[in-house]
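Here is the structure we will look at.
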Amino acid sequence: MDELGARAAALVARRPEDARLRRIGTSRAGAPLWLLSVGHGSRHALVVAGPHANEPVGGATVLRLAERALADPRLTEGSDATWNLLLCLDPDGSRRNEGWLSGPYTLGHYFRNFFRPGFLEQPEWLPDGADAVVLPETRALLDLQDELRPFLQCSLHGVDVGGGFVELTRDLPGLARRVAHTAARLGIPRELGAYDTLYWPTVGPAVYRIPPPRRGDLAAAITEAAVESTWFHPHRHGTVTAIVEAPMWGVDAVEDSSPPADRDAVLRTVSGTLRHDTRLLDGVLARIRPQLAAVPDTASLLAPVDDYLLVCPGLADAWDPDIDNGSARPLPALNTAHLAALRISGRRLALRTAGLLQRLALSTGHDPAGVLPDLDRLIDEWCADYRDGCGARWIPVARQAEYQARVVLSAFELAQRHARVRSRSGEPGWGTEAAVPMHRE
């Protein structure tokens with residue numbers, strides 16, 4: 001985090017006439033939320049890095065975008081545009097991942113140092129609507145969206161294991177072709193059956209349309225993300241939002257669109273494995289929970305553990321072809337890529353939970369429940385399954401960031417062509433005409 005801020009400040013010092021840095025808010029722990037702006041155009045693009053604490057590549061991407069915008073006047077003066085680059089939306093959570101950021105870049109090192117807050121403390125979500133926001137990071141982003149009224153918002157995310165894909169609040173014709181070209185040039189697998197988008201419309205290979213927000217329970221919100229969010233909040237201003245996912249460890253099977261040889265057999269294995277892993281992890285949590293009452297600041301680690309263990313049984317049932325309780329949504333047609341993504345997702349939930357449980361056990365100081373050897377064994381076994389069973393391979397950070405930057409630049413060009421309304425800066429005296437209602441899109 002410190003390096004990110006320092007590099008942004010150095011860029012502004014080098015080009016003070018074209019770039020500026022301002023604080024747009026403060027995190028819960030008192031960290032500044034820095035916005036780097038490049039250009040002086042009247043039309044605004046907003047790029048948000050670090051919305052999820054364990055997905056740091058966006059910080060490298062926004063610095064790369066700033067350099068591109070400074071070097072190419074077509075991206076600023078030529079487009080009458082200002083690039084607004086939020087360096088990190090969740091700096092507190094990002095600091096809690098710094099244990100793996102300097103390497104070695106192995107799956108075991110990553111999951112043993114993994115942190116991501118519980119669902120209710122992730123700053124892009126609006127579980128109770130915009131008017132009831134309590135997280136200062138979320139309020140800062142909402143205020144920024146209403147100030148800038150951007151024609152394009154890009155939220156930069158990272159898939160820990162899998163492939164790259166894009167989610168859109170409104171279609172950008174031509175984006176799927178550009179994503180395919182960029183991914184091929186950089187050796188990034190495209191996720192053609194992303195777990196997050198299982199029930200979402202596909203507007204092109206590895207490009208998905210986010211459904212409008214709806215009220216739902218916590219499990220649906222965690223697993224489907226079709227809830228009120230900062231992705232849809234600026235829709236009233238004519239904004240199109242693109243969520244750009246770049247993989248840290250790539251898996252080639254996620255872009256295999258062929259029909260599966262035995263769909264139901266794979267689903268039985270995936271759902272059975274998730275149930276088995278969940279029982280193991282429930283047992284570990286039961287062993288360490290009594291020791292945690294005397295340990296300060298365990299709530300932030302327990303919240304995501306409880307979230308993951310809450311949704312796992314329901315997901316296992318939803319994926320199991322032999323279970324039909326009459327209430328589950330039937331699975332769509334599944335190709336090999338979908339099945340690979342489901343296998344990866346089940347293992348991801350288990351590994352994240354195991355890593356967080358290990359951090360909880362270490363916080364007690366002396367592992368009174370004796371769970372650390374068991375957790376070490378599970379993490380090693382499950383990481384080996386990713387590496388040897390799924391073929392997960394590390395993608396260098398420079399390639400991750402370049403992939404994201406090129407996808408954002410493509411979305412920028414296409415969004416300019418298809419912008420519905422002109423963005424406004426939010427400064428006094430600028431236009432105040434009514435925004436386009438969502439139902440008239």
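The chains in the structure tokens are called A, B, ... from first to last as shown; in each chain the residues are counted from 1, and the ligands are counted from 1 in the order shown.
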
Spatial neighbours of range 38-49 of chain A, max dist 6 Å, only C-alpha atoms, sep filter under 5 positions, as JSON, numbers by chain: {"A": [18, 19, 58, 59, 76, 80, 81, 82, 83, 84, 85, 86, 87, 88, 150, 152, 153, 154, 155, 156, 423]}

- request: Find the residues around range 392-399 of chain A up to 9 Å (only C-alpha atoms counted), leave out those fewer than 4 positions away in its own chain, and share them as an MDAnalysis selection string.
  value: chainID A and resid 57 60:61 105:107 161:162 186:188 247:252 385:388 403:404

Can you list every residue of range 272-362 of chain A that has an atom at most 12 Å from range 89-102 of chain A, with its nearest atom pair and the distance in Å to one decimal, using only C-alpha atoms, ordered by chain then number, as CSV?
residue,atom,partner,partner_atom,distance
A:Ser300,CA,A:Gly93,CA,9.8
A:Leu301,CA,A:Arg96,CA,10.6
A:Gly355,CA,A:Asn97,CA,11.7
A:Leu356,CA,A:Arg96,CA,11.4
A:Arg359,CA,A:Arg96,CA,11.0

Take the residues from that selection and put them in a file with N, CA and C atoms, as a compact mmCIF listing (two decimals), in the first residue's frame.
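Dumped everything to result_1.txt:
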# COMPACT_ATOMS: atom_id res chain seq x y z
N SER A 300 -13.05 -10.20 12.76
CA SER A 300 -12.85 -9.95 11.33
C SER A 300 -12.44 -11.20 10.58
N LEU A 301 -11.81 -12.16 11.27
CA LEU A 301 -11.45 -13.43 10.65
C LEU A 301 -12.58 -14.43 10.73
N GLY A 355 -7.36 -21.37 5.20
CA GLY A 355 -6.35 -20.34 5.44
C GLY A 355 -6.75 -19.39 6.55
N LEU A 356 -8.02 -18.99 6.58
CA LEU A 356 -8.50 -18.11 7.63
C LEU A 356 -8.51 -18.81 8.98
N ARG A 359 -5.07 -18.78 10.35
CA ARG A 359 -4.74 -17.48 10.95
C ARG A 359 -5.41 -17.33 12.32

As a JSON list (two decimals) with C-alpha atoms, in the first residue's frame, which residues of range 93-327 of chain A does DSSP assign to strand (DSSP E or B)?
[["chain", "number", "residue", "atom", "x", "y", "z"],
["A", 125, "TRP", "CA", -21.95, -4.09, -1.71],
["A", 152, "LEU", "CA", -17.63, 4.48, -17.69],
["A", 153, "GLN", "CA", -16.78, 2.81, -14.41],
["A", 154, "CYS", "CA", -14.35, -0.11, -14.27],
["A", 155, "SER", "CA", -13.94, -2.19, -11.13],
["A", 156, "LEU", "CA", -10.69, -4.18, -11.12],
["A", 157, "HIS", "CA", -10.88, -7.68, -9.66],
["A", 158, "GLY", "CA", -8.61, -10.70, -9.56],
["A", 159, "VAL", "CA", -9.57, -14.36, -9.86],
["A", 160, "ASP", "CA", -7.21, -16.34, -7.66],
["A", 161, "VAL", "CA", -7.50, -19.52, -9.77],
["A", 162, "GLY", "CA", -9.27, -19.73, -13.15],
["A", 164, "GLY", "CA", -10.24, -13.80, -17.13],
["A", 165, "PHE", "CA", -13.72, -12.48, -17.83],
["A", 166, "VAL", "CA", -15.75, -9.26, -17.83],
["A", 167, "GLU", "CA", -19.14, -8.44, -16.32],
["A", 168, "LEU", "CA", -21.17, -5.49, -17.64],
["A", 190, "ARG", "CA", -10.76, -16.83, -20.72],
["A", 202, "THR", "CA", -23.80, -14.15, -21.88],
["A", 203, "VAL", "CA", -23.25, -11.29, -24.32],
["A", 204, "GLY", "CA", -20.12, -12.87, -25.82],
["A", 207, "VAL", "CA", -18.37, -11.38, -21.25],
["A", 208, "TYR", "CA", -21.50, -11.47, -19.09],
["A", 209, "ARG", "CA", -24.42, -9.16, -18.34],
["A", 229, "SER", "CA", -24.04, -2.54, -5.31],
["A", 240, "VAL", "CA", -21.87, 1.61, -17.88],
["A", 241, "THR", "CA", -19.88, -0.43, -15.37],
["A", 242, "ALA", "CA", -17.40, -3.12, -16.34],
["A", 243, "ILE", "CA", -15.99, -5.55, -13.77],
["A", 244, "VAL", "CA", -12.66, -6.75, -15.15],
["A", 245, "GLU", "CA", -11.45, -10.07, -13.70],
["A", 246, "ALA", "CA", -7.82, -11.13, -14.22],
["A", 247, "PRO", "CA", -6.53, -14.51, -13.00],
["A", 248, "MET", "CA", -3.53, -14.94, -10.73],
["A", 249, "TRP", "CA", -3.20, -18.66, -11.47],
["A", 250, "GLY", "CA", -4.57, -19.62, -14.87]]

query: What's the 7 Å shell around range 328-336 of chain A, counting only C-alpha atoms, without same-chain residues fewer than 3 positions away, as a list in words?
result: Asp256, Ser257, Ser258, Pro259, Pro260, Ala318, Asp324, Asn325, Leu339 and Ala340 of chain A

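Using only C-alpha atoms, the contacts of Asp297 in chain A at a cut-off of 12 Å, with sequence neighbours closer than 4 positions omitted, comprise Leu292, Ala293, Leu301, Leu302, Ala303, Arg359, Leu360, Ser363 and Thr364 of chain A.
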
query: Hey, what does DSSP flag as helix (DSSP H, G or I) within range 289-441 of chain A? Can you give it to me as an MDAnalysis selection string?
result: chainID A and resid 289:292 299:319 336:363 372:389 397:418 438:440

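The spacing separating CA of Leu148 in chain A from CA of Ala405 in chain A amounts to 21.0 Å.
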
Close residues, Gly389 in chain A itself excluded, 12 Å, only C-alpha atoms, min 5 positions apart in chain, as a ChimeraX atom specification: /A:251-253,340,343-344,347,381-384

- prompt: Quick one: residues within 12 Å of Ala316 in chain A, only C-alpha atoms counted, chain neighbours fewer than 4 positions away excluded, as a VMD selection string?
  reply: chain A and resid 267 to 279 309 to 312 320 to 324 328 342 to 343 345 to 347 349

Serialized selection, C-alpha atoms, as a compact mmCIF listing (two decimals), in the first residue's frame:
# COMPACT_ATOMS: atom_id res chain seq x y z
CA LEU A 267 -21.27 -32.73 -10.50
CA ARG A 268 -21.60 -35.60 -8.02
CA THR A 269 -17.86 -35.50 -7.41
CA VAL A 270 -17.74 -31.72 -7.00
CA SER A 271 -20.73 -31.57 -4.65
CA GLY A 272 -19.57 -34.60 -2.65
CA THR A 273 -16.09 -33.12 -2.26
CA LEU A 274 -17.49 -29.80 -1.07
CA ARG A 275 -19.68 -31.52 1.54
CA HIS A 276 -16.73 -33.58 2.77
CA ASP A 277 -14.43 -30.56 2.99
CA THR A 278 -17.09 -28.51 4.77
CA ARG A 279 -17.54 -31.19 7.44
CA LEU A 309 -19.38 -22.35 5.89
CA LEU A 310 -22.92 -20.96 5.65
CA VAL A 311 -23.10 -21.17 1.85
CA CYS A 312 -21.15 -24.40 1.23
CA ASP A 320 -25.83 -32.25 -6.98
CA PRO A 321 -27.90 -33.82 -9.82
CA ASP A 322 -29.42 -36.31 -7.35
CA ILE A 323 -30.95 -33.68 -5.07
CA ASP A 324 -34.15 -31.86 -5.96
CA ALA A 328 -33.44 -24.92 -5.99
CA LEU A 342 -17.48 -25.31 -10.35
CA ARG A 343 -14.67 -27.64 -9.32
CA SER A 345 -14.98 -22.74 -6.91
CA GLY A 346 -15.70 -25.54 -4.45
CA ARG A 347 -12.01 -25.96 -3.76
CA LEU A 349 -14.23 -21.96 -0.69
